[in-house]
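Reproduced below: data11.txt, with compact mmCIF, C-alpha atoms.
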# COMPACT_ATOMS: atom_id res chain seq x y z
CA MET A 1 212.43 -56.12 -1.88
CA ILE A 2 208.75 -56.96 -1.87
CA VAL A 3 207.08 -59.84 -0.09
CA PRO A 4 207.92 -63.55 -0.32
CA LEU A 5 206.12 -65.70 -2.86
CA ASN A 6 204.33 -67.69 -0.19
CA HIS A 7 202.42 -64.63 1.04
CA ILE A 8 201.11 -64.00 -2.46
CA LEU A 9 200.13 -67.64 -2.79
CA LEU A 10 198.35 -67.49 0.57
CA LEU A 11 196.42 -64.42 -0.57
CA SER A 12 195.52 -66.26 -3.76
CA GLY A 13 194.34 -69.29 -1.79
CA LEU A 14 192.25 -67.12 0.51
CA LEU A 15 190.56 -65.43 -2.44
CA PHE A 16 189.98 -68.79 -4.09
CA SER A 17 188.29 -70.21 -1.00
CA LEU A 18 186.10 -67.08 -0.75
CA GLY A 19 185.01 -67.60 -4.34
CA MET A 20 184.40 -71.27 -3.69
CA PHE A 21 182.25 -70.39 -0.68
CA CYS A 22 180.27 -67.94 -2.81
CA THR A 23 179.69 -70.56 -5.50
CA LEU A 24 178.66 -73.25 -3.07
CA ALA A 25 176.57 -71.33 -0.55
CA ARG A 26 174.52 -68.83 -2.51
CA ARG A 27 171.11 -69.77 -3.93
CA ASN A 28 171.36 -67.49 -6.92
CA LEU A 29 172.82 -68.28 -10.34
CA ILE A 30 174.24 -64.77 -10.75
CA MET A 31 176.11 -64.96 -7.45
CA MET A 32 177.41 -68.42 -8.37
CA LEU A 33 178.84 -67.01 -11.60
CA LEU A 34 180.39 -64.15 -9.60
CA GLY A 35 182.03 -66.75 -7.35
CA ILE A 36 183.58 -68.41 -10.40
CA GLU A 37 184.91 -65.01 -11.49
CA ILE A 38 186.51 -64.55 -8.05
CA MET A 39 188.16 -67.96 -8.33
CA LEU A 40 189.58 -67.18 -11.79
CA ASN A 41 190.90 -63.88 -10.49
CA ALA A 42 192.56 -65.62 -7.54
CA ALA A 43 194.33 -67.96 -9.95
CA ALA A 44 195.53 -64.93 -11.92
CA VAL A 45 197.02 -63.39 -8.75
CA GLY A 46 198.93 -66.61 -8.09
CA PHE A 47 200.27 -66.69 -11.65
CA VAL A 48 201.50 -63.09 -11.52
CA GLY A 49 203.26 -63.76 -8.20
CA ALA A 50 204.94 -66.86 -9.62
CA SER A 51 205.94 -64.87 -12.70
CA LEU A 52 207.74 -62.38 -10.46
CA HIS A 53 209.38 -65.10 -8.38
CA TRP A 54 210.99 -66.94 -11.29
CA GLN A 55 211.48 -63.79 -13.39
CA GLN A 56 209.67 -65.44 -16.30
CA MET A 57 206.93 -63.89 -18.37
CA GLU A 58 205.19 -67.23 -18.81
CA GLY A 59 202.90 -66.56 -15.86
CA GLN A 60 201.80 -63.20 -17.19
CA ALA A 61 201.01 -64.76 -20.58
CA ILE A 62 198.75 -67.29 -18.88
CA VAL A 63 196.88 -64.45 -17.15
CA ILE A 64 195.98 -63.09 -20.60
CA PHE A 65 194.35 -66.42 -21.44
CA ILE A 66 192.62 -66.50 -18.04
CA LEU A 67 191.11 -63.12 -18.95
CA ALA A 68 189.91 -64.45 -22.32
CA VAL A 69 188.37 -67.51 -20.71
CA ALA A 70 186.69 -65.38 -18.03
CA ALA A 71 185.15 -63.08 -20.63
CA THR A 72 183.89 -66.06 -22.65
CA GLU A 73 182.51 -67.81 -19.60
CA VAL A 74 180.69 -64.77 -18.31
CA SER A 75 179.05 -63.90 -21.63
CA ILE A 76 177.83 -67.45 -22.28
CA GLY A 77 176.87 -67.92 -18.61
CA LEU A 78 174.85 -64.72 -18.42
CA ALA A 79 173.03 -65.57 -21.67
CA ALA A 80 172.18 -69.00 -20.24
CA ILE A 81 170.95 -67.41 -17.00
CA LEU A 82 168.74 -65.13 -19.08
CA VAL A 83 167.22 -68.16 -20.84
CA VAL A 84 166.58 -69.81 -17.47
CA TYR A 85 164.98 -66.63 -16.16
CA ARG A 86 162.69 -66.32 -19.17
CA ARG A 87 161.50 -69.88 -18.72
CA THR A 88 161.09 -70.11 -14.95
CA ASP A 89 160.92 -66.49 -13.73
CA SER A 90 163.64 -67.14 -11.19
CA VAL A 91 167.40 -67.55 -10.95
CA ASP A 92 167.24 -70.22 -8.29
CA PRO A 93 169.66 -73.06 -9.10
CA ASP A 94 167.49 -75.78 -7.57
CA MET A 95 164.40 -75.14 -9.65
CA ASN A 96 162.47 -78.31 -10.34
CA ALA A 97 161.69 -79.87 -13.67
CA ALA A 98 157.97 -79.23 -13.38
CA LEU A 99 158.53 -75.49 -13.13
CA TRP A 100 160.81 -75.68 -16.16
CA GLU A 101 158.20 -77.50 -18.22
CA LYS A 102 155.45 -75.15 -17.17
CA GLY A 103 157.60 -72.14 -17.96
CA GLY A 104 158.68 -73.59 -21.29
CA GLN A 105 155.13 -73.85 -22.62
CA ARG A 106 154.17 -70.35 -21.71
CA MET B 107 210.43 -53.49 5.56
CA SER B 108 210.12 -51.17 2.62
CA ILE B 109 207.22 -49.10 1.42
CA LEU B 110 206.39 -51.68 -1.26
CA THR B 111 205.94 -54.37 1.39
CA LEU B 112 203.58 -52.18 3.40
CA LEU B 113 201.69 -51.36 0.21
CA PHE B 114 201.31 -55.05 -0.60
CA TYR B 115 199.76 -55.87 2.76
CA ALA B 116 197.42 -52.86 2.61
CA ILE B 117 196.23 -53.87 -0.87
CA ALA B 118 195.87 -57.51 0.15
CA LEU B 119 193.72 -56.47 3.11
CA LEU B 120 191.59 -54.29 0.82
CA ILE B 121 191.09 -57.10 -1.69
CA VAL B 122 190.14 -59.70 0.91
CA ALA B 123 187.79 -57.34 2.76
CA ALA B 124 186.04 -56.19 -0.43
CA THR B 125 185.65 -59.76 -1.67
CA ALA B 126 184.28 -60.93 1.67
CA MET B 127 181.76 -58.07 1.62
CA ALA B 128 180.78 -58.94 -1.95
CA VAL B 129 180.24 -62.59 -1.11
CA THR B 130 177.90 -61.87 1.78
CA ARG B 131 175.75 -59.07 0.35
CA ARG B 132 172.07 -59.77 -0.18
CA ASN B 133 171.65 -56.99 -2.71
CA LEU B 134 173.23 -58.06 -6.00
CA VAL B 135 174.14 -54.54 -7.11
CA HIS B 136 176.05 -53.97 -3.87
CA ALA B 137 177.85 -57.28 -4.37
CA VAL B 138 178.93 -56.31 -7.89
CA LEU B 139 180.13 -52.87 -6.74
CA TYR B 140 182.22 -54.40 -3.94
CA LEU B 141 183.66 -56.80 -6.48
CA VAL B 142 184.63 -53.87 -8.72
CA LEU B 143 186.54 -52.48 -5.73
CA SER B 144 188.21 -55.83 -5.28
CA PHE B 145 189.26 -55.94 -8.94
CA PHE B 146 190.69 -52.43 -8.71
CA GLY B 147 192.75 -53.66 -5.76
CA THR B 148 193.88 -56.65 -7.82
CA ALA B 149 194.95 -54.30 -10.61
CA MET B 150 197.08 -52.33 -8.11
CA LEU B 151 198.55 -55.62 -6.93
CA PHE B 152 199.45 -56.58 -10.51
CA TYR B 153 201.20 -53.25 -10.95
CA LEU B 154 203.09 -53.79 -7.71
CA LEU B 155 204.15 -57.26 -8.82
CA GLY B 156 205.60 -55.94 -12.06
CA ALA B 157 202.83 -56.40 -14.61
CA PRO B 158 201.60 -52.93 -15.64
CA PHE B 159 199.97 -54.18 -18.85
CA LEU B 160 197.98 -56.78 -16.97
CA ALA B 161 196.95 -54.13 -14.44
CA ALA B 162 195.45 -52.08 -17.25
CA LEU B 163 193.76 -55.16 -18.73
CA GLU B 164 192.35 -56.10 -15.33
CA ILE B 165 190.66 -52.72 -15.02
CA ILE B 166 189.44 -52.66 -18.63
CA ILE B 167 188.17 -56.23 -18.89
CA TYR B 168 187.32 -57.36 -15.37
CA ALA B 169 186.20 -54.17 -13.65
CA GLY B 170 184.96 -52.59 -16.86
CA ALA B 171 183.44 -55.14 -19.20
CA ILE B 172 182.59 -58.17 -17.10
CA MET B 173 181.15 -56.34 -14.11
CA VAL B 174 179.12 -54.03 -16.35
CA LEU B 175 177.72 -57.15 -18.03
CA PHE B 176 176.66 -58.41 -14.61
CA LEU B 177 175.04 -55.05 -13.83
CA PHE B 178 173.15 -55.17 -17.16
CA LEU B 179 171.75 -58.59 -16.34
CA ILE B 180 170.81 -57.64 -12.78
CA MET B 181 168.94 -54.60 -14.06
CA MET B 182 167.27 -56.56 -16.88
CA ILE B 183 165.66 -59.15 -14.65
CA ARG B 184 163.34 -58.39 -11.79
CA LEU B 185 164.18 -60.57 -8.85
CA LYS B 186 161.62 -61.70 -6.35
CA LYS B 187 162.60 -62.00 -2.71
CA LEU B 188 163.41 -65.61 -2.08
CA PRO B 189 161.50 -67.16 0.79
CA GLY B 190 163.45 -68.77 3.59
CA MET B 191 166.92 -68.14 4.87
CA PHE B 192 169.53 -66.14 3.04
CA PHE B 193 172.08 -68.93 3.43
CA PRO B 194 170.24 -72.24 3.83
CA VAL B 195 171.86 -74.30 6.59
CA GLY B 196 171.96 -77.46 4.50
CA GLN B 197 174.11 -75.59 1.98
CA LEU B 198 176.05 -73.34 4.34
CA LEU B 199 177.69 -76.07 6.42
CA PRO B 200 179.12 -78.06 3.47
CA ALA B 201 180.21 -74.84 1.80
CA ILE B 202 182.10 -73.70 4.90
CA LEU B 203 183.60 -77.15 5.38
CA ILE B 204 184.79 -77.44 1.77
CA SER B 205 186.21 -73.93 1.46
CA ALA B 206 187.87 -74.02 4.90
CA GLY B 207 189.27 -77.45 4.09
CA PHE B 208 190.67 -76.13 0.83
CA LEU B 209 192.21 -73.18 2.68
CA VAL B 210 193.88 -75.42 5.29
CA VAL B 211 195.23 -77.88 2.73
CA SER B 212 196.57 -75.17 0.44
CA SER B 213 198.16 -73.29 3.37
CA VAL B 214 199.94 -76.45 4.51
CA MET B 215 201.15 -77.14 0.98
CA ILE B 216 202.36 -73.57 0.54
CA GLY B 217 204.07 -73.63 3.93
CA ARG B 218 206.03 -76.74 2.95
CA ASN B 219 207.52 -74.88 0.00
CA SER B 220 210.65 -73.67 1.77
CA SER B 221 212.11 -71.85 -1.24
CA GLY B 222 209.27 -69.35 -1.27
CA TRP B 223 209.99 -67.64 2.03
CA ALA B 224 212.75 -65.36 0.77
CA PRO B 225 211.53 -61.88 -0.22
CA MET B 226 211.53 -61.33 -3.96
CA PRO B 227 213.32 -58.43 -5.64
CA ALA B 228 211.04 -55.98 -7.40
CA ALA B 229 211.03 -56.21 -11.17
CA GLN B 230 208.85 -54.97 -13.98
CA ALA B 231 207.99 -56.39 -17.37
CA SER B 232 207.44 -53.51 -19.76
CA PRO B 233 204.31 -53.78 -21.93
CA MET B 234 206.37 -53.84 -25.11
CA ALA B 235 208.62 -56.67 -23.94
CA PHE B 236 205.55 -58.55 -22.78
CA GLY B 237 203.76 -58.12 -26.09
CA VAL B 238 206.80 -59.26 -28.06
CA TYR B 239 207.16 -62.29 -25.79
CA LEU B 240 203.47 -63.15 -26.07
CA PHE B 241 203.36 -63.01 -29.86
CA GLN B 242 206.70 -64.75 -30.33
CA THR B 243 206.10 -67.77 -28.14
CA HIS B 244 202.34 -68.03 -27.72
CA TRP B 245 200.95 -66.80 -31.04
CA LEU B 246 198.98 -70.00 -31.63
CA ALA B 247 197.33 -69.75 -28.22
CA VAL B 248 196.43 -66.11 -28.92
CA GLU B 249 194.72 -67.18 -32.15
CA ILE B 250 192.86 -69.94 -30.31
CA ALA B 251 191.74 -67.43 -27.67
CA SER B 252 190.36 -65.19 -30.41
CA MET B 253 188.43 -68.16 -31.81
CA LEU B 254 187.10 -68.78 -28.29
CA LEU B 255 185.86 -65.20 -28.08
CA LEU B 256 184.16 -65.58 -31.47
CA VAL B 257 182.44 -68.73 -30.22
CA ALA B 258 181.31 -66.79 -27.15
CA LEU B 259 179.86 -64.07 -29.38
CA VAL B 260 177.90 -66.53 -31.52
CA GLY B 261 176.80 -68.58 -28.51
CA ALA B 262 175.55 -65.56 -26.61
CA TYR B 263 173.61 -64.46 -29.70
CA ILE B 264 171.98 -67.85 -30.19
CA LEU B 265 171.10 -68.17 -26.51
CA GLY B 266 169.88 -64.62 -26.19
CA ARG B 267 167.56 -64.28 -29.18
CA ARG B 268 163.86 -64.76 -28.62
CA VAL B 269 162.63 -68.07 -29.96
CA ARG B 270 160.20 -67.77 -32.85
CA GLY B 271 159.24 -69.96 -35.76
CA PRO B 272 158.72 -73.66 -35.07
CA SER B 273 158.04 -73.24 -31.36
CA ALA B 274 155.41 -70.58 -32.12
CA ASP B 275 153.59 -73.07 -34.37
CA THR B 276 153.48 -75.72 -31.65
CA ARG B 277 152.20 -73.10 -29.25
CA LYS B 278 149.29 -72.40 -31.59
CA GLU B 279 148.47 -76.06 -32.00
CA ALA B 280 148.63 -76.85 -28.32
CA PRO B 281 145.23 -75.50 -27.18
Please express what this file holds, its structure, as structure tokens.
Amino acid sequence: MIVPLNHILLLSGLLFSLGMFCTLARRNLIMMLLGIEIMLNAAAVGFVGASLHWQQMEGQAIVIFILAVAATEVSIGLAAILVVYRRTDSVDPDMNAALWEKGGQR
Amino acid sequence: MSILTLLFYAIALLIVAATAMAVTRRNLVHAVLYLVLSFFGTAMLFYLLGAPFLAALEIIIYAGAIMVLFLFLIMMIRLKKLPGMFFPVGQLLPAILISAGFLVVSSVMIGRNSSGWAPMPAAQASPMAFGVYLFQTHWLAVEIASMLLLVALVGAYILGRRVRGPSADTRKEAP
């Protein structure tokens, strides 16, 4: 006998809110992307717990697709961050348009 | 209370502590390393919850590939120290309010689910059974996921290459 499903869901919710805090509070595009990764991982934990609770493999199959989406999102996101860094020399999310224009003509 | 239950709470504590440390680090490399620890803990949790194949995938893809990609990017760019506070107050208060609000609401909703309080029996899905299930019932979604990864490959290439050609001409004409 392992734990009840609700404890796993509470752990998943706690991880999700930590990731949400990281995405909302940090002034750094890389840390915001890391926060999104934490949120996706929290969702995966919830799906695996639900898969054990109902004895269905559906939840584990969805985790595979969460992994694929996370890999896609991180590769595209990091490439986009690199473009932003080359143009503005910073990874600050609230860069202004003037800095972008100036960086774009360099 | 069996050994598996104790193990679950120990791993849950490890995951939450490592993630909290990762979220609050100023140094990005430290944050990524704490997050690798957190993903290792998640892999152990997956194994405990009866998904050994997903535990292996979690280590290979999350802790291996994705976090190494983050480390590559952090080492490629040279970050200046940002002026001002680490967490700006105007951003910190809404962030705490929103995430704490989400936590409270989700806890209340989970607590209302009365069928989830009974302890679950341990079970394990063998990798072979899981693979057969995945390719029998979700083969179309697997193909779509592979297309998605191809799109990611092409998109990362297009975004990452250095721009030459037409933009170089306009740069010459500009002065």
(Q) Using only C-alpha atoms and a cut-off of 6 Å, which residues of chain A sit close to chain B? Please list them as a list in words. (A)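 Residues passing the distance filter: Met1, Ile2, Val3, Pro4, Leu5, Asn6, Ser17, Phe21, Cys22, Leu24, Ala25, Thr72, Ile76 and Ala79 of chain A.
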Centre and size of axis-aligned box enclosing region 248-265 of chain B plus 5 Å each side, as AutoDock Vina command-line options:
--center_x 183.8 --center_y -67.0 --center_z -29.3 --size_x 35.3 --size_y 15.9 --size_z 15.6
Q: Please provide the set of residues having any atom within 6 Å of region 56-71 of chain A, restricted to only C-alpha atoms, with same-chain residues fewer than 5 positions apart removed, written as a list in words.
A: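 Everything that qualifies: Ala44, Phe47, Val48 and Ser51 of chain A.
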Store the residues picked out above, limited to C-alpha atoms, as a PDB file, in the coordinates of the input.
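Once written, selection13.pdb looks like this:
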ATOM      1  CA  ALA A  44     195.530 -64.930 -11.920  1.00  0.00           C
ATOM      2  CA  PHE A  47     200.270 -66.690 -11.650  1.00  0.00           C
ATOM      3  CA  VAL A  48     201.500 -63.090 -11.520  1.00  0.00           C
ATOM      4  CA  SER A  51     205.940 -64.870 -12.700  1.00  0.00           C
TER       5      SER A  51
END
Q: Can you work out the spacing between CA of Gln55 (chain A) and CA of Ile36 (chain A) in Å, to one decimal?
A: 28.4 Å
**Q.** Coordinates-based distance that separates CA of Leu78 (chain A) from CA of Ile30 (chain A) (Å, one decimal)
**A.** 7.7 Å
Q: Please measure the separation of CA of Tyr85 (chain A) and CA of Met127 (chain B), giving the value in Å to one decimal.
A: 25.9 Å
Q: Determine, counting all atoms listed in the file, which protein, DNA and RNA residues have an atom within 7 Å of an atom of Gly46 (chain A); residues of the same chain fewer than 5 positions away are not included. Present the result as a ChimeraX atom specification.
A: /A:8-9,12
With C-alpha atoms retained, write the just-selected residues as a tab-separated table (two decimals), in the coordinates of the input.
chain	number	residue	atom	x	y	z
A	8	ILE	CA	201.11	-64.00	-2.46
A	9	LEU	CA	200.13	-67.64	-2.79
A	12	SER	CA	195.52	-66.26	-3.76
Q: Could you tell me which of A:Leu18, A:Glu37, A:Arg27, A:Gly13 comes closest to Gly77 (chain A) if we count only C-alpha atoms?
A: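 Among the listed residues, the smallest separation from Gly77 (chain A) belongs to A:Glu37.
Distances from B:Ile165, B:Met150, B:Glu249, B:Leu139 to Ile117 (chain B) were compared using all atoms listed in the file, and the smallest one belongs to B:Met150.
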Can you put N, CA and C atoms back into region 13-49 of chain A and show it as a compact mmCIF listing (two decimals), in the frame of the given file?
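Result file part-v3.txt:
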# COMPACT_ATOMS: atom_id res chain seq x y z
N GLY A 13 195.15 -68.20 -2.33
CA GLY A 13 194.34 -69.29 -1.79
C GLY A 13 193.15 -68.80 -1.01
N LEU A 14 193.35 -67.71 -0.26
CA LEU A 14 192.25 -67.12 0.51
C LEU A 14 191.15 -66.61 -0.42
N LEU A 15 191.55 -65.92 -1.49
CA LEU A 15 190.56 -65.43 -2.44
C LEU A 15 189.84 -66.59 -3.11
N PHE A 16 190.60 -67.64 -3.42
CA PHE A 16 189.98 -68.79 -4.09
C PHE A 16 188.94 -69.44 -3.19
N SER A 17 189.26 -69.56 -1.88
CA SER A 17 188.29 -70.21 -1.00
C SER A 17 187.07 -69.31 -0.79
N LEU A 18 187.26 -67.97 -0.82
CA LEU A 18 186.10 -67.08 -0.75
C LEU A 18 185.19 -67.28 -1.97
N GLY A 19 185.81 -67.38 -3.14
CA GLY A 19 185.01 -67.60 -4.34
C GLY A 19 184.31 -68.94 -4.32
N MET A 20 185.01 -69.94 -3.79
CA MET A 20 184.40 -71.27 -3.69
C MET A 20 183.21 -71.25 -2.73
N PHE A 21 183.37 -70.52 -1.62
CA PHE A 21 182.25 -70.39 -0.68
C PHE A 21 181.07 -69.71 -1.35
N CYS A 22 181.35 -68.66 -2.13
CA CYS A 22 180.27 -67.94 -2.81
C CYS A 22 179.55 -68.85 -3.80
N THR A 23 180.31 -69.66 -4.52
CA THR A 23 179.69 -70.56 -5.50
C THR A 23 178.86 -71.63 -4.82
N LEU A 24 179.35 -72.13 -3.69
CA LEU A 24 178.66 -73.25 -3.07
C LEU A 24 177.48 -72.82 -2.22
N ALA A 25 177.55 -71.65 -1.58
CA ALA A 25 176.57 -71.33 -0.55
C ALA A 25 175.39 -70.50 -1.05
N ARG A 26 175.59 -69.73 -2.13
CA ARG A 26 174.52 -68.83 -2.51
C ARG A 26 173.48 -69.56 -3.34
N ARG A 27 172.19 -69.17 -3.13
CA ARG A 27 171.11 -69.77 -3.93
C ARG A 27 170.71 -68.80 -5.02
N ASN A 28 171.63 -68.49 -5.90
CA ASN A 28 171.36 -67.49 -6.92
C ASN A 28 172.37 -67.72 -8.04
N LEU A 29 171.88 -67.94 -9.26
CA LEU A 29 172.82 -68.28 -10.34
C LEU A 29 173.79 -67.15 -10.61
N ILE A 30 173.34 -65.90 -10.46
CA ILE A 30 174.24 -64.77 -10.75
C ILE A 30 175.38 -64.74 -9.75
N MET A 31 175.04 -64.98 -8.45
CA MET A 31 176.11 -64.96 -7.45
C MET A 31 177.04 -66.15 -7.63
N MET A 32 176.52 -67.28 -8.12
CA MET A 32 177.41 -68.42 -8.37
C MET A 32 178.41 -68.10 -9.48
N LEU A 33 177.93 -67.41 -10.52
CA LEU A 33 178.84 -67.01 -11.60
C LEU A 33 179.88 -66.00 -11.09
N LEU A 34 179.44 -65.10 -10.20
CA LEU A 34 180.39 -64.15 -9.60
C LEU A 34 181.46 -64.90 -8.81
N GLY A 35 181.06 -65.96 -8.11
CA GLY A 35 182.03 -66.75 -7.35
C GLY A 35 183.07 -67.38 -8.27
N ILE A 36 182.62 -67.83 -9.45
CA ILE A 36 183.58 -68.41 -10.40
C ILE A 36 184.55 -67.33 -10.88
N GLU A 37 184.03 -66.11 -11.09
CA GLU A 37 184.91 -65.01 -11.49
C GLU A 37 185.97 -64.76 -10.42
N ILE A 38 185.55 -64.78 -9.13
CA ILE A 38 186.51 -64.55 -8.05
C ILE A 38 187.58 -65.63 -8.05
N MET A 39 187.17 -66.87 -8.32
CA MET A 39 188.16 -67.96 -8.33
C MET A 39 189.15 -67.78 -9.48
N LEU A 40 188.66 -67.40 -10.67
CA LEU A 40 189.58 -67.18 -11.79
C LEU A 40 190.56 -66.06 -11.49
N ASN A 41 190.05 -65.01 -10.82
CA ASN A 41 190.90 -63.88 -10.49
C ASN A 41 191.96 -64.28 -9.48
N ALA A 42 191.59 -65.15 -8.53
CA ALA A 42 192.56 -65.62 -7.54
C ALA A 42 193.68 -66.40 -8.22
N ALA A 43 193.31 -67.22 -9.21
CA ALA A 43 194.33 -67.96 -9.95
C ALA A 43 195.27 -66.99 -10.68
N ALA A 44 194.69 -65.90 -11.21
CA ALA A 44 195.53 -64.93 -11.92
C ALA A 44 196.54 -64.29 -10.97
N VAL A 45 196.10 -63.97 -9.73
CA VAL A 45 197.02 -63.39 -8.75
C VAL A 45 198.17 -64.34 -8.48
N GLY A 46 197.87 -65.63 -8.32
CA GLY A 46 198.93 -66.61 -8.09
C GLY A 46 199.90 -66.67 -9.25
N PHE A 47 199.38 -66.61 -10.49
CA PHE A 47 200.27 -66.69 -11.65
C PHE A 47 201.18 -65.48 -11.74
N VAL A 48 200.65 -64.29 -11.44
CA VAL A 48 201.50 -63.09 -11.52
C VAL A 48 202.59 -63.15 -10.45
N GLY A 49 202.24 -63.63 -9.25
CA GLY A 49 203.26 -63.76 -8.20
C GLY A 49 204.34 -64.75 -8.60
